[in-house]
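The file query32.cif contains mmCIF, C-alpha atoms:
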data_my_file
loop_
_atom_site.group_PDB
_atom_site.id
_atom_site.type_symbol
_atom_site.label_atom_id
_atom_site.label_comp_id
_atom_site.auth_asym_id
_atom_site.auth_seq_id
_atom_site.Cartn_x
_atom_site.Cartn_y
_atom_site.Cartn_z
ATOM 1 C CA MET O 1 -103.430 -77.947 -22.923
ATOM 2 C CA SER O 2 -105.208 -75.222 -20.953
ATOM 3 C CA GLN O 3 -102.231 -72.886 -21.298
ATOM 4 C CA SER O 4 -102.837 -72.293 -24.991
ATOM 5 C CA LEU O 5 -106.368 -71.035 -24.320
ATOM 6 C CA ARG O 6 -105.120 -68.355 -21.958
ATOM 7 C CA SER O 7 -104.957 -64.863 -23.431
ATOM 8 C CA ALA O 8 -101.594 -63.109 -23.663
ATOM 9 C CA ARG O 9 -100.334 -61.607 -20.442
ATOM 10 C CA TYR O 10 -98.773 -58.215 -20.146
ATOM 11 C CA TYR O 11 -96.350 -56.729 -17.670
ATOM 12 C CA ASN O 12 -97.002 -53.487 -15.835
ATOM 13 C CA ARG O 13 -94.481 -50.684 -16.135
ATOM 14 C CA GLY O 14 -91.428 -50.777 -13.937
ATOM 15 C CA LEU O 15 -88.605 -53.250 -13.563
ATOM 16 C CA TRP O 16 -89.851 -54.747 -10.289
ATOM 17 C CA SER O 17 -93.371 -55.477 -11.494
ATOM 18 C CA ARG O 18 -91.959 -56.949 -14.710
ATOM 19 C CA LEU O 19 -89.806 -59.279 -12.651
ATOM 20 C CA VAL O 20 -92.659 -60.322 -10.357
ATOM 21 C CA GLU O 21 -95.130 -60.758 -13.228
ATOM 22 C CA GLY O 22 -92.560 -62.812 -15.124
ATOM 23 C CA LEU O 23 -92.131 -65.170 -12.183
ATOM 24 C CA ARG O 24 -95.853 -65.461 -11.490
ATOM 25 C CA TYR O 25 -97.300 -68.920 -11.206
ATOM 26 C CA GLY O 26 -99.175 -69.322 -14.477
ATOM 27 C CA GLY O 27 -100.490 -72.835 -14.746
ATOM 28 C CA GLY O 28 -99.731 -76.352 -13.667
ATOM 29 C CA VAL O 29 -96.616 -78.331 -13.106
ATOM 30 C CA GLY O 30 -94.997 -77.033 -16.300
ATOM 31 C CA GLN O 31 -94.727 -73.541 -14.893
ATOM 32 C CA TRP O 32 -92.761 -74.745 -11.865
ATOM 33 C CA ALA O 33 -90.479 -76.844 -14.055
ATOM 34 C CA TRP O 34 -89.904 -73.787 -16.275
ATOM 35 C CA LEU O 35 -89.177 -71.491 -13.317
ATOM 36 C CA ILE O 36 -86.733 -73.867 -11.562
ATOM 37 C CA HIS O 37 -85.052 -74.604 -14.913
ATOM 38 C CA ARG O 38 -84.538 -70.887 -15.489
ATOM 39 C CA VAL O 39 -83.274 -70.034 -11.994
ATOM 40 C CA SER O 40 -80.909 -73.039 -11.881
ATOM 41 C CA GLY O 41 -79.570 -72.115 -15.326
ATOM 42 C CA LEU O 42 -78.791 -68.565 -14.224
ATOM 43 C CA GLY O 43 -77.119 -69.904 -11.064
ATOM 44 C CA ILE O 44 -74.880 -72.217 -13.101
ATOM 45 C CA LEU O 45 -73.950 -69.335 -15.441
ATOM 46 C CA LEU O 46 -72.896 -67.177 -12.481
ATOM 47 C CA TYR O 47 -70.635 -69.961 -11.198
ATOM 48 C CA LEU O 48 -69.314 -70.720 -14.703
ATOM 49 C CA PHE O 49 -68.047 -67.135 -15.000
ATOM 50 C CA ALA O 50 -66.090 -67.419 -11.724
ATOM 51 C CA HIS O 51 -64.851 -70.918 -12.593
ATOM 52 C CA ILE O 52 -63.404 -69.923 -15.981
ATOM 53 C CA VAL O 53 -61.629 -66.928 -14.429
ATOM 54 C CA ASP O 54 -60.129 -68.971 -11.551
ATOM 55 C CA THR O 55 -59.004 -71.725 -13.928
ATOM 56 C CA PHE O 56 -57.296 -69.075 -16.067
ATOM 57 C CA PHE O 57 -54.965 -68.436 -13.070
ATOM 58 C CA VAL O 58 -53.393 -71.787 -13.961
ATOM 59 C CA VAL O 59 -51.575 -70.215 -16.924
ATOM 60 C CA ILE O 60 -50.844 -66.877 -15.219
ATOM 61 C CA ASN O 61 -49.503 -67.858 -11.806
ATOM 62 C CA PRO O 62 -49.770 -71.310 -10.171
ATOM 63 C CA ALA O 63 -49.657 -69.746 -6.682
ATOM 64 C CA TRP O 64 -52.768 -67.645 -7.399
ATOM 65 C CA TYR O 65 -54.578 -70.816 -8.383
ATOM 66 C CA ASP O 66 -53.541 -72.657 -5.219
ATOM 67 C CA HIS O 67 -54.556 -69.637 -3.141
ATOM 68 C CA THR O 68 -58.034 -69.710 -4.685
ATOM 69 C CA MET O 69 -58.357 -73.446 -4.161
ATOM 70 C CA ASN O 70 -57.216 -73.133 -0.525
ATOM 71 C CA LEU O 71 -60.020 -70.626 -0.014
ATOM 72 C CA TYR O 72 -62.466 -73.430 -0.904
ATOM 73 C CA GLY O 73 -61.082 -75.375 2.038
ATOM 74 C CA GLY O 74 -61.417 -72.382 4.381
ATOM 75 C CA HIS O 75 -57.739 -71.337 4.400
ATOM 76 C CA VAL O 76 -57.181 -67.598 4.108
ATOM 77 C CA SER O 77 -53.692 -66.113 4.547
ATOM 78 C CA GLY O 78 -52.486 -69.184 6.382
ATOM 79 C CA SER O 79 -55.366 -69.299 8.893
ATOM 80 C CA TYR O 80 -58.241 -71.739 8.902
ATOM 81 C CA PHE O 81 -61.830 -70.486 9.210
ATOM 82 C CA TRP O 82 -64.416 -73.239 9.445
ATOM 83 C CA PRO O 83 -67.428 -71.063 8.380
ATOM 84 C CA ILE O 84 -65.671 -70.342 5.059
ATOM 85 C CA ARG O 85 -65.099 -74.060 4.499
ATOM 86 C CA TRP O 86 -68.764 -74.788 5.292
ATOM 87 C CA ALA O 87 -70.031 -71.944 3.107
ATOM 88 C CA PHE O 88 -68.048 -73.151 0.086
ATOM 89 C CA ARG O 89 -69.154 -76.756 0.665
ATOM 90 C CA LEU O 90 -72.823 -75.781 0.846
ATOM 91 C CA GLY O 91 -72.355 -73.611 -2.256
ATOM 92 C CA GLU O 92 -70.773 -76.620 -3.986
ATOM 93 C CA LEU O 93 -73.808 -78.699 -3.065
ATOM 94 C CA GLY O 94 -76.112 -75.967 -4.425
ATOM 95 C CA LEU O 95 -74.156 -75.958 -7.685
ATOM 96 C CA ILE O 96 -74.419 -79.741 -7.999
ATOM 97 C CA ALA O 97 -78.186 -79.490 -7.339
ATOM 98 C CA CYS O 98 -78.566 -76.804 -10.032
ATOM 99 C CA VAL O 99 -76.617 -78.777 -12.657
ATOM 100 C CA LEU O 100 -78.427 -81.999 -11.797
ATOM 101 C CA PHE O 101 -81.919 -80.504 -11.983
ATOM 102 C CA HIS O 102 -81.121 -78.493 -15.123
ATOM 103 C CA SER O 103 -79.783 -81.672 -16.786
ATOM 104 C CA ILE O 104 -82.687 -83.960 -15.924
ATOM 105 C CA ASN O 105 -85.356 -81.365 -16.658
ATOM 106 C CA GLY O 106 -83.508 -80.393 -19.853
ATOM 107 C CA ILE O 107 -83.828 -84.005 -21.036
ATOM 108 C CA ARG O 108 -87.584 -83.709 -20.347
ATOM 109 C CA VAL O 109 -87.765 -80.514 -22.432
ATOM 110 C CA VAL O 110 -85.980 -82.152 -25.383
ATOM 111 C CA LEU O 111 -88.161 -85.253 -25.044
ATOM 112 C CA LEU O 112 -91.340 -83.165 -25.251
ATOM 113 C CA ASP O 113 -89.985 -81.348 -28.332
ATOM 114 C CA LEU O 114 -89.252 -84.631 -30.126
ATOM 115 C CA TRP O 115 -92.512 -86.200 -29.014
ATOM 116 C CA PRO O 116 -95.193 -83.471 -28.815
ATOM 117 C CA LYS O 117 -97.920 -85.926 -27.798
ATOM 118 C CA GLY O 118 -95.940 -86.535 -24.613
ATOM 119 C CA VAL O 119 -97.484 -83.334 -23.256
ATOM 120 C CA ARG O 120 -100.420 -85.527 -22.237
ATOM 121 C CA TYR O 121 -98.129 -87.253 -19.742
ATOM 122 C CA GLN O 122 -96.290 -84.095 -18.700
ATOM 123 C CA LYS O 123 -97.354 -84.378 -15.040
ATOM 124 C CA GLY O 124 -95.955 -87.878 -14.848
ATOM 125 C CA LEU O 125 -92.811 -86.842 -16.691
ATOM 126 C CA PHE O 126 -92.191 -84.029 -14.201
ATOM 127 C CA GLN O 127 -92.739 -86.448 -11.309
ATOM 128 C CA ILE O 128 -90.090 -88.715 -12.842
ATOM 129 C CA VAL O 129 -87.746 -85.700 -13.052
ATOM 130 C CA VAL O 130 -88.302 -84.851 -9.375
ATOM 131 C CA ILE O 131 -87.867 -88.468 -8.234
ATOM 132 C CA ALA O 132 -84.699 -88.965 -10.342
ATOM 133 C CA PHE O 133 -83.325 -85.702 -8.931
ATOM 134 C CA TRP O 134 -83.743 -86.760 -5.287
ATOM 135 C CA VAL O 135 -82.589 -90.338 -5.871
ATOM 136 C CA ILE O 136 -79.249 -88.967 -7.113
ATOM 137 C CA MET O 137 -79.098 -85.864 -4.913
ATOM 138 C CA ILE O 138 -79.518 -87.460 -1.475
ATOM 139 C CA PRO O 139 -76.479 -89.813 -1.642
ATOM 140 C CA VAL O 140 -74.432 -87.056 -3.319
ATOM 141 C CA ALA O 141 -75.334 -84.603 -0.533
ATOM 142 C CA ILE O 142 -74.271 -87.100 2.142
ATOM 143 C CA TRP O 143 -71.011 -87.804 0.296
ATOM 144 C CA VAL O 144 -70.206 -84.088 -0.124
ATOM 145 C CA ILE O 145 -71.181 -82.956 3.410
ATOM 146 C CA LEU O 146 -69.631 -85.799 5.469
ATOM 147 C CA PRO O 147 -65.965 -84.676 5.066
ATOM 148 C CA LEU O 148 -66.911 -81.390 6.785
ATOM 149 C CA PHE O 149 -67.118 -83.241 10.094
ATOM 150 C CA SER O 150 -63.487 -84.298 9.934
ATOM 151 C CA PRO O 151 -60.623 -81.774 10.145
ATOM 152 C CA PRO O 152 -59.341 -80.310 6.854
ATOM 153 C CA PRO O 153 -56.453 -82.149 5.139
ATOM 154 C CA GLU O 154 -52.870 -81.014 5.575
ATOM 155 C CA HIS O 155 -52.244 -77.941 3.491
ATOM 156 C CA SER O 156 -49.515 -75.559 2.510
ATOM 157 C CA THR O 157 -50.510 -72.090 1.474
ATOM 158 C CA PRO O 158 -47.936 -70.892 -1.013
ATOM 159 C CA GLU O 159 -47.397 -67.153 -1.107
ATOM 160 C CA PRO O 160 -47.588 -65.612 -4.580
ATOM 161 C CA GLU O 161 -44.019 -65.617 -5.791
ATOM 162 C CA GLN O 162 -42.258 -63.022 -7.836
ATOM 163 C CA GLY O 163 -40.880 -64.452 -11.026
ATOM 164 C CA THR O 164 -43.618 -67.028 -11.644
ATOM 165 C CA THR O 165 -45.884 -64.224 -12.892
ATOM 166 C CA SER O 166 -44.059 -64.282 -16.217
ATOM 167 C CA VAL O 167 -45.007 -67.912 -16.947
ATOM 168 C CA MET O 168 -47.200 -66.652 -19.798
ATOM 169 C CA VAL O 169 -44.333 -65.138 -21.786
ATOM 170 C CA ARG O 170 -42.092 -68.125 -22.207
ATOM 171 C CA MET I 1 -105.021 -56.384 -16.783
ATOM 172 C CA LYS I 2 -104.127 -53.145 -15.089
ATOM 173 C CA GLY I 3 -101.489 -50.604 -16.072
ATOM 174 C CA ALA I 4 -99.712 -49.941 -19.329
ATOM 175 C CA LYS I 5 -99.066 -52.860 -21.641
ATOM 176 C CA VAL I 6 -95.346 -53.200 -22.070
ATOM 177 C CA ALA I 7 -94.231 -56.668 -23.054
ATOM 178 C CA ARG I 8 -95.650 -60.111 -23.516
ATOM 179 C CA SER I 9 -94.494 -62.834 -21.245
ATOM 180 C CA SER I 10 -93.500 -66.235 -22.543
ATOM 181 C CA GLN I 11 -95.380 -67.718 -19.567
ATOM 182 C CA GLY I 12 -93.322 -70.841 -19.563
ATOM 183 C CA ARG I 13 -94.037 -71.884 -23.106
ATOM 184 C CA ARG I 14 -91.061 -72.951 -25.161
ATOM 185 C CA VAL I 15 -92.239 -72.144 -28.674
ATOM 186 C CA LYS I 16 -90.149 -73.300 -31.632
ATOM 187 C CA PRO I 17 -89.119 -70.216 -33.656
ATOM 188 C CA GLY I 18 -90.075 -70.016 -37.353
ATOM 189 C CA GLY I 19 -86.584 -69.693 -38.747
ATOM 190 C CA GLY I 20 -83.358 -67.731 -38.961
ATOM 191 C CA PHE I 21 -80.939 -67.180 -36.106
ATOM 192 C CA GLU I 22 -83.493 -67.967 -33.406
ATOM 193 C CA LEU I 23 -84.307 -71.364 -34.957
ATOM 194 C CA GLY I 24 -80.598 -72.142 -35.207
ATOM 195 C CA MET I 25 -80.205 -71.260 -31.539
ATOM 196 C CA TRP I 26 -83.266 -73.370 -30.696
ATOM 197 C CA TYR I 27 -81.510 -76.413 -32.178
ATOM 198 C CA PHE I 28 -78.175 -75.415 -30.623
ATOM 199 C CA MET I 29 -79.685 -75.189 -27.125
ATOM 200 C CA ARG I 30 -81.097 -78.707 -27.380
ATOM 201 C CA ILE I 31 -78.078 -80.395 -28.956
ATOM 202 C CA SER I 32 -75.487 -78.641 -26.767
ATOM 203 C CA GLY I 33 -77.724 -79.265 -23.754
ATOM 204 C CA LEU I 34 -77.711 -83.028 -24.321
ATOM 205 C CA VAL I 35 -73.929 -83.044 -24.843
ATOM 206 C CA LEU I 36 -73.466 -80.931 -21.697
ATOM 207 C CA VAL I 37 -75.531 -83.374 -19.620
ATOM 208 C CA LEU I 38 -72.740 -85.889 -20.254
ATOM 209 C CA LEU I 39 -69.798 -83.458 -20.060
ATOM 210 C CA ALA I 40 -70.912 -81.369 -17.058
ATOM 211 C CA LEU I 41 -72.260 -84.243 -14.957
ATOM 212 C CA GLY I 42 -69.153 -86.272 -15.794
ATOM 213 C CA HIS I 43 -66.959 -83.348 -14.773
ATOM 214 C CA LEU I 44 -68.844 -82.908 -11.478
ATOM 215 C CA PHE I 45 -68.629 -86.655 -10.830
ATOM 216 C CA VAL I 46 -64.854 -86.743 -11.301
ATOM 217 C CA VAL I 47 -64.051 -83.531 -9.417
ATOM 218 C CA HIS I 48 -66.589 -83.640 -6.561
ATOM 219 C CA ILE I 49 -67.320 -87.350 -6.055
ATOM 220 C CA LEU I 50 -64.260 -89.353 -7.157
ATOM 221 C CA PHE I 51 -61.911 -86.632 -5.916
ATOM 222 C CA ASN I 52 -62.756 -83.764 -3.629
ATOM 223 C CA VAL I 53 -62.374 -79.996 -4.044
ATOM 224 C CA GLU I 54 -60.013 -79.901 -1.051
ATOM 225 C CA VAL I 55 -57.353 -82.015 -2.778
ATOM 226 C CA ILE I 56 -57.437 -80.062 -6.022
ATOM 227 C CA ASN I 57 -54.485 -77.770 -6.598
ATOM 228 C CA TYR I 58 -52.140 -76.719 -9.393
ATOM 229 C CA ALA I 59 -50.312 -80.050 -9.409
ATOM 230 C CA PHE I 60 -53.612 -81.910 -9.782
ATOM 231 C CA VAL I 61 -54.636 -79.815 -12.804
ATOM 232 C CA ALA I 62 -51.170 -80.199 -14.312
ATOM 233 C CA ASP I 63 -51.379 -83.999 -14.041
ATOM 234 C CA ARG I 64 -54.879 -84.018 -15.479
ATOM 235 C CA TRP I 65 -53.931 -81.991 -18.539
ATOM 236 C CA THR I 66 -50.406 -83.261 -19.257
ATOM 237 C CA LYS I 67 -50.316 -86.989 -18.373
ATOM 238 C CA PRO I 68 -49.406 -88.902 -21.525
ATOM 239 C CA GLY I 69 -52.455 -90.691 -22.871
ATOM 240 C CA SER I 70 -55.157 -89.127 -20.753
ATOM 241 C CA GLY I 71 -54.017 -85.481 -20.926
ATOM 242 C CA PHE I 72 -55.253 -84.976 -24.481
ATOM 243 C CA PHE I 73 -58.585 -86.588 -23.615
ATOM 244 C CA TRP I 74 -59.225 -84.270 -20.653
ATOM 245 C CA ARG I 75 -58.152 -81.165 -22.585
ATOM 246 C CA LEU I 76 -60.552 -82.078 -25.381
ATOM 247 C CA TRP I 77 -63.317 -82.751 -22.803
ATOM 248 C CA ASP I 78 -62.734 -79.423 -21.036
ATOM 249 C CA LEU I 79 -62.417 -77.435 -24.271
ATOM 250 C CA THR I 80 -65.687 -78.812 -25.663
ATOM 251 C CA MET I 81 -67.350 -78.204 -22.321
ATOM 252 C CA VAL I 82 -66.175 -74.598 -21.946
ATOM 253 C CA VAL I 83 -67.192 -73.604 -25.487
ATOM 254 C CA LEU I 84 -70.625 -75.255 -25.333
ATOM 255 C CA ALA I 85 -71.356 -74.148 -21.756
ATOM 256 C CA VAL I 86 -70.495 -70.484 -22.345
ATOM 257 C CA ILE I 87 -72.605 -70.212 -25.507
ATOM 258 C CA HIS I 88 -75.470 -72.280 -24.035
ATOM 259 C CA GLY I 89 -75.443 -70.252 -20.786
ATOM 260 C CA LEU I 90 -75.128 -66.791 -22.281
ATOM 261 C CA ASN I 91 -77.705 -67.517 -24.998
ATOM 262 C CA GLY I 92 -80.021 -68.676 -22.224
ATOM 263 C CA LEU I 93 -79.376 -65.429 -20.347
ATOM 264 C CA ARG I 94 -80.115 -63.499 -23.537
ATOM 265 C CA GLN I 95 -83.416 -65.329 -23.988
ATOM 266 C CA VAL I 96 -84.412 -64.568 -20.394
ATOM 267 C CA LEU I 97 -83.437 -60.900 -20.555
ATOM 268 C CA ASP I 98 -85.075 -60.385 -23.968
ATOM 269 C CA GLU I 99 -88.398 -60.904 -22.206
ATOM 270 C CA TYR I 100 -87.666 -57.967 -19.947
ATOM 271 C CA VAL I 101 -85.656 -55.697 -22.278
ATOM 272 C CA THR I 102 -87.825 -54.819 -25.260
ATOM 273 C CA ARG I 103 -86.618 -51.464 -26.600
ATOM 274 C CA PRO I 104 -84.439 -52.047 -29.700
ATOM 275 C CA GLY I 105 -81.596 -49.780 -28.517
ATOM 276 C CA ARG I 106 -81.372 -51.443 -25.126
ATOM 277 C CA ARG I 107 -81.558 -54.896 -26.705
ATOM 278 C CA LEU I 108 -78.679 -54.045 -29.013
ATOM 279 C CA ALA I 109 -76.622 -52.876 -26.030
ATOM 280 C CA LEU I 110 -77.560 -56.016 -24.069
ATOM 281 C CA HIS I 111 -76.692 -58.375 -26.928
ATOM 282 C CA THR I 112 -73.384 -56.585 -27.450
ATOM 283 C CA VAL I 113 -72.459 -57.051 -23.782
ATOM 284 C CA ILE I 114 -73.555 -60.710 -23.797
ATOM 285 C CA TRP I 115 -71.684 -61.740 -26.940
ATOM 286 C CA THR I 116 -68.588 -59.781 -25.884
ATOM 287 C CA ALA I 117 -68.654 -61.706 -22.598
ATOM 288 C CA ALA I 118 -69.013 -64.951 -24.576
ATOM 289 C CA VAL I 119 -65.956 -64.174 -26.731
ATOM 290 C CA PHE I 120 -63.974 -63.174 -23.614
ATOM 291 C CA LEU I 121 -64.876 -66.314 -21.641
ATOM 292 C CA VAL I 122 -64.348 -68.735 -24.538
ATOM 293 C CA GLY I 123 -61.068 -66.904 -25.221
ATOM 294 C CA ILE I 124 -59.540 -67.138 -21.747
ATOM 295 C CA GLY I 125 -61.023 -70.597 -21.177
ATOM 296 C CA SER I 126 -59.558 -72.132 -24.312
ATOM 297 C CA TYR I 127 -56.284 -70.214 -23.857
ATOM 298 C CA ALA I 128 -55.837 -71.822 -20.434
ATOM 299 C CA ILE I 129 -56.664 -75.307 -21.749
ATOM 300 C CA LEU I 130 -54.627 -75.187 -24.971
ATOM 301 C CA MET I 131 -51.593 -73.151 -23.855
ATOM 302 C CA PHE I 132 -51.084 -74.828 -20.471
ATOM 303 C CA GLU I 133 -47.520 -75.914 -19.758
ATOM 304 C CA LYS I 134 -46.463 -77.649 -16.563
ATOM 305 C CA ASP I 135 -44.381 -75.595 -14.107
ATOM 306 C CA HIS I 136 -42.129 -78.414 -12.808
ATOM 307 C CA GLU I 137 -40.292 -76.239 -10.266
ATOM 308 C CA TYR I 138 -43.537 -75.114 -8.672
ATOM 309 C CA ILE I 139 -44.918 -78.662 -8.483
ATOM 310 C CA LYS I 140 -41.764 -79.884 -6.684
ATOM 311 C CA ARG I 141 -42.435 -77.321 -3.971
ATOM 312 C CA HIS I 142 -46.231 -77.844 -3.917
ATOM 313 C CA PRO I 143 -47.063 -81.458 -4.867
ATOM 314 C CA ARG I 144 -50.495 -83.034 -5.158
ATOM 315 C CA LYS I 145 -52.405 -83.241 -1.900
ATOM 316 C CA ASP I 146 -53.920 -86.680 -2.567
ATOM 317 C CA GLN I 147 -50.453 -88.206 -3.091
ATOM 318 C CA ALA I 148 -48.626 -85.896 -0.682
ATOM 319 C CA PRO I 149 -46.801 -88.396 1.612
ATOM 320 C CA VAL I 150 -44.998 -90.207 -1.224
ATOM 321 C CA ALA I 151 -44.380 -87.150 -3.375
ATOM 322 C CA ALA I 152 -43.047 -85.069 -0.474
ATOM 323 C CA VAL I 153 -40.354 -87.658 0.309
ATOM 324 C CA THR I 154 -39.195 -88.010 -3.277
ATOM 325 C CA VAL I 155 -38.935 -84.282 -3.930
ATOM 326 C CA ALA I 156 -37.323 -83.377 -0.590
ATOM 327 C CA PRO I 157 -33.661 -83.757 -1.768
ATOM 328 C CA ASP I 158 -34.265 -81.339 -4.628
ATOM 329 C CA ARG I 159 -35.025 -78.426 -2.327
#
Now, as a test, write the supplied structure out as structure tokens.
Amino acid sequence: MSQSLRSARYYNRGLWSRLVEGLRYGGGVGQWAWLIHRVSGLGILLYLFAHIVDTFFVVINPAWYDHTMNLYGGHVSGSYFWPIRWAFRLGELGLIACVLFHSINGIRVVLLDLWPKGVRYQKGLFQIVVIAFWVIMIPVAIWVILPLFSPPPEHSTPEPEQGTTSVMVR
Amino acid sequence: MKGAKVARSSQGRRVKPGGGFELGMWYFMRISGLVLVLLALGHLFVVHILFNVEVINYAFVADRWTKPGSGFFWRLWDLTMVVLAVIHGLNGLRQVLDEYVTRPGRRLALHTVIWTAAVFLVGIGSYAILMFEKDHEYIKRHPRKDQAPVAAVTVAPDR
């Protein structure tokens, strides 16, 4: 592999140049796979943080949870805003894309660890990853985006109620 | 190379560590990763494809976690997923940031923040999954959206 012949690289001083140097294209298909794997992983982690906190509302106050979930559908304080609904849907699609790519490429990483000689076919393996990603992603994207063109389902936005806040201390 | 030499980049190489904590984490990332492929993709399939985020509300979660038979299964699924995902994700973040943060003092501070966040997230995540109890009164007033027409009629007299 040509990468192993390359001498060690060093970052310049300063946070920005470190970031740019760290993202620099450094050799072949593997570098792109590595970069997308890293960025998608960080994206999933950001969402995971929000998702654990919003799910925790389930044991604190059911109305808070329903409020948060209504926001996904574009309902804020009893009014409907279509751009919010679209934004959350597109974000949902981005999340699915991140998890899907990270999963398929992660399998490739593990495969190469178990079978080091597979590095010889790494270009082909990455092409398989990209093809598998799009084969799954395109129908999923259609399935997730289509409901946006029909009006949102009937909803009731419950106001946070006094008294349910103490659900935790039963 | 111009400028002062500060830190070496991994340049996209995933090198197996020699031993100790880092080797343990190397194995953990691969094993938890493979388990999470199943758990996370399965979770996305159920929530986003079979159902739809717009029908998910408190009553939906309550059914999922408390239905006799399947409730235990989904709680176990979600608990495994939250523990593995938080450790896998935050250890990944640590590995990324360790390439940028090289001074020992700053690394110590960074690792402290990251592992505190991990304990916090695993804590509230597993608390929600394990301690969940259905609020029947609330569900009567706000039933599931995907079964709304039937449920609304049956609960109406109770109001």
Selection as a ChimeraX atom specification: residues within 12 Å of (-76.2, -68.0, -12.9), counting only C-alpha atoms: /O:37-51,94-95,98-99,102 /I:85-86,88-90,92-93,96
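In terms of minimum interatomic distance to Leu93 of chain O, I:His48 ranks closest within I:Ile87, I:Trp74, I:His48, I:Val113, counting all atoms listed in the file.
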Could you tell me, as a PyMOL selection string, exactly which residues end up selected when the PyMOL selection byres ((chain I and resi 123-132) around 7) is applied to this structure? (chain O and resi 52+56+58-59) or (chain I and resi 75+79+82+119-122+133-134)
Shell around Pro147 of chain O at 10 Å using only C-alpha atoms, local window under 5 positions removed, as a VMD selection string: (chain O and resid 89 142 152 to 153) or (chain I and resid 52 54)
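Using all atoms listed in the file, the nearest neighbour of Ala62 of chain I within the list O:Phe126, O:Trp134, O:Trp16, O:Tyr65 is O:Tyr65.
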From the set I:Asp146, I:Arg103, I:Thr116, I:Leu23, which residue has the shortest atom-to-atom contact distance to chain O, counting only C-alpha atoms?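 Closest to chain O, using only C-alpha atoms: I:Asp146.
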Given the choices I:Lys140, I:Arg106, I:Glu99, I:Asn57, which gets closest to Asp66 of chain O if the distance is worked out from all atoms listed in the file?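 Among I:Lys140, I:Arg106, I:Glu99, I:Asn57, it is I:Asn57 that comes nearest to Asp66 of chain O.
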For Met81 of chain I, please output as an NGL selection string all residues within 9 Å (counting all atoms listed in the file; exclusion window: fewer than 4 positions along the same chain). :I and (35-36 or 39-40 or 76-77 or 85-86)
Could you please determine the separation between atom CA of His142 of chain I and atom CA of Phe60 of chain I in Å, to one decimal place? 10.3 Å
Target residues per the PyMOL selection byres ((chain O and resi 129) around 8), formatted as a PyMOL selection string: chain O and resi 101+104-105+108+125-128+130-133
Atom-to-atom span, atom CA of Ile145 of chain O and atom CA of His43 of chain I, Å: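 It comes out at 18.7 Å.
By chain and then residue number, the residues within 10 Å of Phe28 of chain I are Glu22, Leu23, Gly24, Met25, Ile31, Ser32, Gly33, Leu34, Leu84, Ile87, His88 and Asn91 of chain I, counting all atoms listed in the file and disregarding those fewer than 3 positions away in sequence.
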Of the candidates O:Ser77, O:Ser17, O:Asn61, O:Asn70, which one gets nearest to Val53 of chain I if we count only C-alpha atoms?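 Looking at the shortest contact to Val53 of chain I, the residue is O:Asn70.
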Find the residue from O:Ala87, O:Leu146, O:Leu111, O:Met69 that sits nearest to chain I; use only C-alpha atoms when measuring. O:Met69
What box, with edges along x, y and z, holds each listed atom of segment 134-142 of chain I when 5 Å is added on every side, and can you state its centre and edge lengths in Å to one decimal, as lines of an AutoDock Vina configuration file?
center_x = -43.4
center_y = -77.5
center_z = -10.2
size_x = 16.2
size_y = 14.8
size_z = 22.6
May I have the residues within 12 Å of Pro116 of chain O as an MDAnalysis selection string, using only C-alpha atoms and disregarding those fewer than 4 positions away in the same chain? (chainID O and resid 1 108:112 120:122) or (chainID I and resid 14:16)
